[in-house]
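Peer 1: Contents of target.cif (mmCIF, C-alpha atoms and all ligand atoms) are given next:
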```
data_structure
loop_
_atom_site.label_atom_id
_atom_site.label_comp_id
_atom_site.auth_asym_id
_atom_site.auth_seq_id
_atom_site.Cartn_x
_atom_site.Cartn_y
_atom_site.Cartn_z
CA PRO A 1 37.20 6.16 -15.07
CA MET A 2 33.90 6.72 -13.36
CA ALA A 3 32.60 3.91 -11.20
CA LEU A 4 29.48 2.29 -12.59
CA GLN A 5 26.45 3.38 -10.61
CA PRO A 6 24.23 0.48 -9.64
CA ALA A 7 20.81 0.74 -11.28
CA SER A 8 18.47 2.47 -8.85
CA LEU A 9 14.79 2.27 -8.11
CA GLU A 10 12.56 4.14 -10.50
CA LEU A 11 10.64 7.15 -9.17
CA ARG A 12 7.11 7.79 -10.42
CA GLU A 13 4.94 10.92 -10.24
CA LEU A 14 1.90 10.66 -7.98
CA GLY A 15 -1.03 12.25 -9.82
CA ASN A 16 -0.89 16.05 -9.57
CA THR A 17 0.87 16.12 -6.19
CA GLY A 18 4.38 16.73 -7.48
CA LEU A 19 5.55 13.89 -5.23
CA LYS A 20 7.84 11.34 -6.82
CA LEU A 21 7.39 7.97 -5.16
CA SER A 22 9.76 5.04 -5.45
CA CYS A 23 8.03 2.37 -7.55
CA VAL A 24 8.37 -0.01 -4.60
CA GLY A 25 6.86 1.44 -1.43
CA PHE A 26 7.45 0.16 2.08
CA GLY A 27 4.23 -1.16 3.61
CA ALA A 28 4.71 -0.88 7.35
CA SER A 29 1.75 -2.99 8.48
CA PRO A 30 4.12 -5.91 9.26
CA LEU A 31 5.89 -3.59 11.75
CA GLY A 32 2.65 -3.82 13.75
CA ASN A 33 3.26 -7.59 13.99
CA VAL A 34 0.23 -8.37 11.83
CA PHE A 35 2.11 -11.09 9.91
CA GLY A 36 4.00 -12.37 12.99
CA PRO A 37 6.32 -10.77 15.57
CA VAL A 38 9.02 -8.31 14.46
CA SER A 39 11.75 -7.04 16.81
CA ASP A 40 12.68 -3.35 17.13
CA GLU A 41 16.09 -4.19 15.67
CA ASP A 42 14.58 -5.87 12.60
CA ALA A 43 12.14 -3.00 12.07
CA ILE A 44 14.88 -0.35 12.23
CA ALA A 45 17.21 -2.40 10.03
CA SER A 46 14.46 -3.03 7.41
CA VAL A 47 13.50 0.63 7.15
CA GLY A 48 17.18 1.64 7.01
CA GLU A 49 17.97 -0.87 4.28
CA ALA A 50 14.90 0.19 2.32
CA PHE A 51 15.90 3.86 2.42
CA ARG A 52 19.52 3.16 1.46
CA ARG A 53 18.32 1.11 -1.51
CA GLY A 54 16.12 3.89 -2.87
CA ILE A 55 12.72 3.31 -1.25
CA ASN A 56 11.44 6.79 -0.30
CA PHE A 57 7.79 5.98 0.46
CA PHE A 58 6.55 4.50 3.74
CA ASP A 59 2.90 3.72 4.51
CA THR A 60 1.33 3.03 7.90
CA SER A 61 -1.92 3.45 9.87
CA PRO A 62 -2.97 3.83 13.52
CA TYR A 63 -4.91 0.59 12.95
CA TYR A 64 -1.86 -1.58 12.19
CA GLY A 65 -0.95 -3.44 15.34
CA GLY A 66 -3.07 -1.01 17.38
CA THR A 67 -0.68 1.95 16.84
CA LEU A 68 2.47 -0.22 17.05
CA SER A 69 3.27 0.14 13.33
CA GLU A 70 3.25 3.95 13.54
CA LYS A 71 5.47 3.92 16.62
CA MET A 72 7.96 1.50 15.06
CA LEU A 73 8.02 3.39 11.77
CA GLY A 74 8.60 6.67 13.64
CA LYS A 75 11.48 5.18 15.58
CA SER A 76 12.98 3.69 12.42
CA LEU A 77 12.70 6.90 10.39
CA LYS A 78 14.29 8.88 13.19
CA ALA A 79 17.18 6.41 13.24
CA LEU A 80 17.85 7.19 9.56
CA GLY A 81 19.14 10.59 10.61
CA VAL A 82 18.32 12.22 7.26
CA PRO A 83 16.42 15.45 6.51
CA ARG A 84 12.64 15.09 6.60
CA HIS A 85 12.11 15.98 2.93
CA LYS A 86 14.10 12.92 1.82
CA TYR A 87 11.23 10.56 2.56
CA ILE A 88 7.47 10.46 2.02
CA VAL A 89 5.15 9.19 4.75
CA SER A 90 1.50 8.29 4.52
CA THR A 91 -0.74 7.33 7.38
CA LYS A 92 -4.47 6.97 7.77
CA CYS A 93 -7.45 7.93 9.92
CA GLY A 94 -10.92 6.62 10.72
CA ARG A 95 -9.99 2.98 11.39
CA TYR A 96 -8.75 1.91 14.82
CA VAL A 97 -8.56 -1.37 16.73
CA GLU A 98 -11.50 -0.02 18.75
CA GLY A 99 -13.54 0.38 15.54
CA PHE A 100 -14.34 2.90 12.83
CA ASP A 101 -14.91 6.62 13.35
CA PHE A 102 -14.81 9.00 10.41
CA SER A 103 -16.20 11.99 12.33
CA ALA A 104 -14.46 15.35 11.90
CA ASP A 105 -13.72 15.42 15.61
CA ARG A 106 -12.07 11.99 15.65
CA VAL A 107 -9.92 12.44 12.53
CA THR A 108 -8.79 15.87 13.74
CA ARG A 109 -7.52 14.33 16.99
CA SER A 110 -6.21 11.32 15.09
CA ILE A 111 -3.64 13.24 13.05
CA ASP A 112 -2.13 14.79 16.19
CA GLU A 113 -1.87 11.35 17.79
CA SER A 114 -0.28 9.93 14.63
CA LEU A 115 2.25 12.75 14.37
CA ALA A 116 3.26 12.18 18.00
CA ARG A 117 3.73 8.44 17.46
CA LEU A 118 5.60 9.00 14.19
CA GLN A 119 7.70 11.78 15.81
CA LEU A 120 6.97 13.99 12.78
CA ASP A 121 5.72 17.55 12.22
CA TYR A 122 3.70 16.59 9.16
CA VAL A 123 2.81 13.59 7.02
CA ASP A 124 2.78 13.79 3.26
CA ILE A 125 -0.51 11.93 2.78
CA LEU A 126 -3.39 11.31 5.19
CA GLN A 127 -5.90 8.76 3.98
CA CYS A 128 -9.37 7.85 5.19
CA HIS A 129 -8.82 4.17 6.00
CA ASP A 130 -11.18 1.54 4.51
CA ILE A 131 -14.11 3.84 3.88
CA GLU A 132 -16.48 1.01 2.90
CA PHE A 133 -16.91 0.46 6.66
CA GLY A 134 -18.22 3.98 7.16
CA SER A 135 -20.91 6.15 5.65
CA LEU A 136 -19.55 7.30 2.28
CA ASP A 137 -21.71 10.41 2.53
CA GLN A 138 -20.06 11.24 5.85
CA VAL A 139 -16.66 10.79 4.20
CA VAL A 140 -17.70 13.21 1.43
CA ASN A 141 -19.48 15.80 3.61
CA GLU A 142 -17.60 15.67 6.89
CA THR A 143 -14.31 13.71 6.84
CA ILE A 144 -12.75 15.17 3.71
CA PRO A 145 -13.65 18.77 4.67
CA ALA A 146 -12.01 18.10 8.07
CA LEU A 147 -8.90 16.80 6.30
CA GLN A 148 -8.82 19.97 4.21
CA LYS A 149 -8.61 22.02 7.41
CA ILE A 150 -5.80 19.77 8.65
CA LYS A 151 -4.07 20.39 5.32
CA GLU A 152 -4.46 24.15 5.70
CA ALA A 153 -2.90 23.84 9.17
CA GLY A 154 0.17 22.29 7.54
CA LYS A 155 -0.07 18.93 9.29
CA ILE A 156 -0.58 17.02 6.04
CA ARG A 157 0.28 17.80 2.43
CA PHE A 158 -2.23 15.63 0.56
CA ILE A 159 -5.53 13.81 1.09
CA GLY A 160 -6.36 10.23 0.16
CA ILE A 161 -8.94 7.49 0.54
CA THR A 162 -8.45 3.73 0.79
CA GLY A 163 -10.70 0.70 0.55
CA LEU A 164 -11.24 -2.70 -1.03
CA PRO A 165 -14.39 -2.39 -3.21
CA LEU A 166 -13.50 -0.23 -6.20
CA GLU A 167 -16.96 1.39 -6.28
CA VAL A 168 -16.18 3.39 -3.13
CA PHE A 169 -13.58 5.41 -5.04
CA THR A 170 -15.94 6.47 -7.82
CA TYR A 171 -18.70 7.18 -5.29
CA VAL A 172 -16.54 9.65 -3.39
CA LEU A 173 -14.66 11.13 -6.35
CA ASP A 174 -17.93 11.86 -8.15
CA ARG A 175 -19.13 13.89 -5.16
CA VAL A 176 -16.14 15.97 -3.97
CA PRO A 177 -14.88 19.16 -5.65
CA PRO A 178 -12.08 18.41 -8.14
CA GLY A 179 -8.65 18.46 -6.52
CA THR A 180 -9.82 17.74 -2.97
CA VAL A 181 -8.87 14.06 -3.03
CA ASP A 182 -5.30 13.81 -4.30
CA VAL A 183 -4.74 10.07 -4.14
CA ILE A 184 -6.40 6.70 -3.78
CA LEU A 185 -4.82 3.60 -2.27
CA SER A 186 -6.28 0.33 -3.54
CA TYR A 187 -5.21 -3.11 -2.37
CA CYS A 188 -5.47 -6.67 -3.65
CA HIS A 189 -6.76 -5.47 -7.03
CA TYR A 190 -3.55 -5.38 -9.02
CA SER A 191 -1.76 -8.65 -8.55
CA ILE A 192 -1.52 -11.78 -10.73
CA ASN A 193 -4.83 -13.16 -9.43
CA ASP A 194 -6.85 -9.91 -9.60
CA SER A 195 -6.16 -7.03 -11.98
CA THR A 196 -9.50 -5.19 -11.82
CA LEU A 197 -7.92 -1.89 -10.69
CA GLU A 198 -6.60 -1.45 -14.21
CA ASP A 199 -10.15 -0.87 -15.48
CA LEU A 200 -10.45 2.19 -13.24
CA LEU A 201 -7.28 3.89 -14.52
CA PRO A 202 -8.84 6.01 -17.30
CA TYR A 203 -11.42 7.37 -14.82
CA LEU A 204 -8.77 8.14 -12.19
CA LYS A 205 -6.46 9.78 -14.73
CA ASN A 206 -9.32 11.95 -15.88
CA LYS A 207 -9.92 13.05 -12.27
CA GLY A 208 -6.21 13.82 -11.83
CA VAL A 209 -5.96 11.42 -8.91
CA GLY A 210 -2.73 9.58 -8.11
CA VAL A 211 -2.96 5.81 -7.71
CA ILE A 212 -1.12 3.61 -5.24
CA THR A 213 -1.60 -0.14 -5.44
CA ALA A 214 -0.92 -2.26 -2.37
CA SER A 215 -0.57 -5.94 -1.55
CA PRO A 216 1.09 -7.28 -4.74
CA LEU A 217 1.55 -10.58 -2.89
CA ALA A 218 -2.19 -10.63 -2.17
CA MET A 219 -1.50 -10.30 1.58
CA GLY A 220 0.57 -13.47 1.62
CA LEU A 221 -1.38 -15.66 -0.86
CA LEU A 222 1.48 -15.31 -3.34
CA THR A 223 4.27 -16.24 -0.92
CA GLU A 224 5.87 -19.56 0.00
CA ARG A 225 4.93 -18.95 3.61
CA GLY A 226 1.27 -18.64 2.66
CA PRO A 227 -1.43 -16.29 3.98
CA PRO A 228 -1.94 -15.42 7.66
CA GLU A 229 -4.75 -17.12 9.51
CA TRP A 230 -7.03 -14.00 9.24
CA HIS A 231 -6.81 -13.88 5.43
CA PRO A 232 -10.35 -13.33 4.01
CA ALA A 233 -9.95 -15.21 0.69
CA SER A 234 -12.24 -18.17 -0.07
CA PRO A 235 -10.84 -21.71 0.35
CA GLU A 236 -10.96 -22.02 -3.44
CA LEU A 237 -8.81 -18.92 -3.99
CA LYS A 238 -6.41 -19.98 -1.25
CA SER A 239 -5.90 -23.42 -2.75
CA ALA A 240 -5.45 -22.07 -6.30
CA CYS A 241 -2.74 -19.73 -5.01
CA GLN A 242 -1.17 -22.61 -3.11
CA ALA A 243 -1.02 -24.57 -6.36
CA ALA A 244 0.63 -21.60 -8.09
CA VAL A 245 3.19 -21.34 -5.29
CA ALA A 246 3.93 -25.07 -5.57
CA HIS A 247 4.32 -24.83 -9.35
CA CYS A 248 6.88 -22.02 -9.04
CA LYS A 249 8.77 -23.84 -6.30
CA GLU A 250 9.01 -26.96 -8.45
CA LYS A 251 10.49 -24.87 -11.27
CA GLY A 252 12.95 -23.23 -8.91
CA LYS A 253 11.16 -19.88 -9.26
CA ASN A 254 10.13 -17.41 -6.59
CA ILE A 255 6.39 -16.62 -6.73
CA SER A 256 6.77 -13.41 -4.69
CA LYS A 257 9.30 -12.02 -7.14
CA LEU A 258 7.06 -12.93 -10.06
CA ALA A 259 4.06 -11.30 -8.36
CA LEU A 260 5.87 -8.09 -7.46
CA GLN A 261 7.26 -7.77 -10.98
CA TYR A 262 3.76 -8.20 -12.39
CA SER A 263 2.44 -5.31 -10.26
CA LEU A 264 5.40 -3.08 -11.11
CA SER A 265 4.94 -3.48 -14.86
CA ASN A 266 2.09 -1.00 -15.15
CA LYS A 267 3.68 2.42 -14.67
CA ASP A 268 0.32 4.14 -14.22
CA PHE A 269 0.51 2.94 -10.63
CA SER A 270 2.83 5.35 -8.86
CA SER A 271 3.97 2.93 -6.23
CA VAL A 272 3.46 -0.72 -5.36
CA LEU A 273 3.25 -1.04 -1.59
CA VAL A 274 4.74 -4.29 -0.29
CA GLY A 275 4.65 -5.24 3.35
CA MET A 276 8.19 -5.92 4.56
CA ASN A 277 9.62 -6.94 7.90
CA SER A 278 13.19 -8.05 7.26
CA VAL A 279 16.34 -6.82 5.54
CA GLY A 280 16.23 -9.95 3.37
CA GLN A 281 12.75 -9.10 2.03
CA VAL A 282 13.82 -5.51 1.33
CA GLU A 283 16.86 -6.74 -0.63
CA GLU A 284 14.79 -9.25 -2.59
CA ASN A 285 12.04 -6.79 -3.46
CA VAL A 286 14.38 -3.99 -4.54
CA ALA A 287 16.40 -6.46 -6.63
CA ALA A 288 13.18 -7.71 -8.24
CA ALA A 289 12.19 -4.14 -9.14
CA ILE A 290 15.57 -3.36 -10.69
CA GLU A 291 15.58 -6.65 -12.59
CA VAL A 292 12.19 -6.00 -14.16
CA THR A 293 13.36 -2.67 -15.62
CA THR A 294 16.66 -4.11 -16.89
CA VAL A 295 15.89 -7.73 -17.82
CA GLY A 296 12.07 -7.79 -17.94
CA LYS A 297 9.45 -10.19 -16.62
CA ASP A 298 9.64 -14.00 -16.65
CA VAL A 299 6.84 -14.25 -19.22
CA GLU A 300 6.92 -18.04 -19.39
CA THR A 301 6.41 -18.66 -15.67
CA LEU A 302 3.92 -15.80 -15.52
CA SER A 303 1.71 -17.36 -18.18
CA GLU A 304 1.87 -20.75 -16.43
CA VAL A 305 0.83 -19.15 -13.13
CA GLU A 306 -1.92 -17.17 -14.86
CA ALA A 307 -3.26 -20.43 -16.28
CA ILE A 308 -3.32 -22.03 -12.82
CA LEU A 309 -5.14 -19.00 -11.39
CA LYS A 310 -7.57 -18.61 -14.29
CA PRO A 311 -10.54 -20.29 -12.53
CA VAL A 312 -10.29 -17.78 -9.66
CA LYS A 313 -9.21 -14.72 -11.68
CA ASN A 314 -10.57 -11.47 -10.21
CA GLN A 315 -12.26 -13.30 -7.35
CA THR A 316 -12.39 -11.03 -4.32
CA TRP A 317 -14.15 -11.07 -0.95
CA PRO A 318 -16.79 -8.90 0.73
CA SER A 319 -15.60 -5.93 2.75
CA GLY A 320 -17.48 -3.26 4.64
CA ILE A 321 -21.13 -2.50 5.23
CA GLN A 322 -23.70 -2.65 2.45
CA HIS A 323 -24.60 0.70 0.94
P1 LIG B 1 1.56 -7.87 0.71
O1 LIG B 1 0.85 -8.45 -0.44
O2 LIG B 1 2.55 -6.82 0.45
O3 LIG B 1 2.19 -9.10 1.51
C1 LIG B 1 2.91 -8.91 2.68
C2 LIG B 1 3.44 -10.25 3.17
O4 LIG B 1 4.42 -10.73 2.25
C3 LIG B 1 4.16 -10.13 4.50
O5 LIG B 1 3.98 -11.34 5.23
C4 LIG B 1 5.61 -9.99 4.09
O6 LIG B 1 6.48 -10.39 5.11
C5 LIG B 1 5.67 -10.90 2.90
N1 LIG B 1 6.76 -10.58 1.94
C6 LIG B 1 7.20 -9.37 1.53
N2 LIG B 1 8.20 -9.49 0.64
C7 LIG B 1 8.40 -10.82 0.47
C8 LIG B 1 9.29 -11.57 -0.32
N3 LIG B 1 10.18 -10.99 -1.12
N4 LIG B 1 9.22 -12.92 -0.25
C9 LIG B 1 8.32 -13.53 0.54
N5 LIG B 1 7.44 -12.88 1.33
C10 LIG B 1 7.48 -11.52 1.29
O7 LIG B 1 0.43 -7.36 1.72
P2 LIG B 1 0.30 -6.16 2.75
O8 LIG B 1 1.44 -6.07 3.67
O9 LIG B 1 -1.06 -6.29 3.31
O10 LIG B 1 0.25 -4.86 1.81
C11 LIG B 1 1.32 -3.98 1.68
C12 LIG B 1 1.09 -2.66 2.37
O11 LIG B 1 0.07 -1.92 1.71
C13 LIG B 1 0.64 -2.74 3.83
O12 LIG B 1 1.74 -2.93 4.69
C14 LIG B 1 -0.02 -1.40 3.99
O13 LIG B 1 0.96 -0.40 4.19
C15 LIG B 1 -0.69 -1.19 2.63
N6 LIG B 1 -2.10 -1.66 2.63
C16 LIG B 1 -3.09 -0.77 2.88
C17 LIG B 1 -4.41 -1.17 2.92
C18 LIG B 1 -5.50 -0.17 3.18
O14 LIG B 1 -5.24 1.00 3.25
N7 LIG B 1 -6.73 -0.57 3.33
C19 LIG B 1 -4.74 -2.51 2.73
C20 LIG B 1 -3.73 -3.41 2.45
C21 LIG B 1 -2.41 -2.96 2.40
#
```
The structure in this file should be written as structure tokens.
Ligand code: NAD
Peer 2:
Amino acid sequence: PMALQPASLELRELGNTGLKLSCVGFGASPLGNVFGPVSDEDAIASVGEAFRRGINFFDTSPYYGGTLSEKMLGKSLKALGVPRHKYIVSTKCGRYVEGFDFSADRVTRSIDESLARLQLDYVDILQCHDIEFGSLDQVVNETIPALQKIKEAGKIRFIGITGLPLEVFTYVLDRVPPGTVDVILSYCHYSINDSTLEDLLPYLKNKGVGVITASPLAMGLLTERGPPEWHPASPELKSACQAAVAHCKEKGKNISKLALQYSLSNKDFSSVLVGMNSVGQVEENVAAAIEVTTVGKDVETLSEVEAILKPVKNQTWPSGIQH
């Protein structure tokens, strides 16, 4: 008799790219020590465990940990020892620890620097990082055309934009030729406390743009450990999330699992990027993803948590320069 195959992570199409991303993506910002220190051994083991458990999508940026995340991800991917086409890598340009620079010149140098740190010949997706901090007209007229040249040179396969305020996506997508921006990456807008990204889906579908949603744990708000010191949420939002965490703990439930399963439930999002820095977190998150497709969500606890978070629902924070 055939051995039973363990259920594996679902793959989802990313817009019109032809890429099939694992529904859980590996957010590599923690490998830049942004949520606390991570050893080389833990980084390599986490990426290895993720890949073996079906995660094929890894996201980083030169900004995370001041290039450390890219270096650690590169080292970890190399250690996998598998052919390059088996995994999908996205990185970013325009945001650096030294500041923002979306000029054609800077992003053209940036991709070469990223490829060297990642030890790769190409990345699958290059995204303009947090464009609300730049001039959106520069992104439209200068940065994206520069990325198209980089694409023609074979250094990247697809072009994306990222940011917090949802208006930046419509601003840019309304002004570029169809098909130039392949993907958007949004964060902190599709988790239990804020689901506003959902409203943008019909528009994005119509534009043929793939959608990645990041930070299902609201950058630590929906974890027992709590948010890092730099977290931009208001004291009110922080304390509401703290109350939700406490409620789950009392019931013997894991808020992070509940939160990840919430974000995974809408299949119009091609991948949910979770920041991970340990083998244990990888195991938990993959198990949560498989459970939600086989068993379903914990609707009772979810509605209790939604009730606790109702007063702060869809509350966000300012990001970027005013346009
Ligand atoms: P997140 O909501 O995924 O939370 C990450 C935190 O949760 C980390 O401290 C991590 O260690 C912890 N965690 C992960 N799994 C856990 C589990 N099972 N139990 C308890 N804690 C757990 O936030 P994030 O890391 O900011 O976002 C995910 C990724 O998305 C980033 O790494 C990055 O790749 C991407 N991202 C991009 C942008 C952008 O482009 N502007 C912004 C935010 C995030």
Peer 1: Within 7 Å of ligand LIG 1 (chain B) (counting only C-alpha atoms and all ligand atoms), which residues show up? I'd like them as an MDAnalysis selection string.
Peer 2: chainID A and resid 26:30 35 59:60 129:130 162:164 185:187 214:220 223:225 256:257 273:277 281:282 284:285
Peer 1: Identify, on the basis of all atoms listed in the file, every residue whose closest approach to Val272 of chain A does not exceed 12 Å; exclude the query and any residue fewer than 5 positions from it along the same chain; express the result as a ChimeraX atom specification.
Peer 2: /A:10-12,14,21-27,55,57-59,185-191,211-218,259-267,285-286,289
Peer 1: So that I can see what lies close to Tyr122 of chain A, please list as a PyMOL selection string the residues with an atom at most 12 Å from it, counting all atoms listed in the file and leaving out residues fewer than 6 positions away in the same chain.
Peer 2: chain A and resi 74+84-85+87-91+111-116+150-158
Peer 1: Work out how far apart atom CA of Gly18 of chain A and atom CA of Val183 of chain A are and give it in Å to one decimal.
Peer 2: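 Answer for the atom CA of Gly18 of chain A to atom CA of Val183 of chain A separation: 11.8 Å.
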Peer 1: For segment 226-239 of chain A, find every residue with an atom within 9 Å (counting all atoms listed in the file), except residues of its own chain fewer than 3 positions away, and show them as a list of chain:residue names.
Peer 2: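 Listed by chain and then number, they are A:Val34, A:Phe35, A:Gly36, A:Asn193, A:Ala218, A:Met219, A:Gly220, A:Leu221, A:Leu222, A:Thr223, A:Gln242, A:Ala243, A:Ala244, A:Val245, A:Leu309, A:Pro311, A:Val312, A:Lys313, A:Gln315, A:Thr316, A:Trp317, A:Pro318.
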Peer 1: Given only C-alpha atoms as the basis, pick out the residue of A:Ser110, A:Arg117, A:Val292, A:Asp105 nearest to Met72 of chain A.
Peer 2: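 Comparing A:Ser110, A:Arg117, A:Val292, A:Asp105 against Met72 of chain A, the winner is A:Arg117.
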Peer 1: Between A:Asn33, A:Asn314, A:Asp174, A:Leu68, which has the minimum distance to Asn206 of chain A (counting only C-alpha atoms)?
Peer 2: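 Distance minimum relative to Asn206 of chain A lands on A:Asp174.
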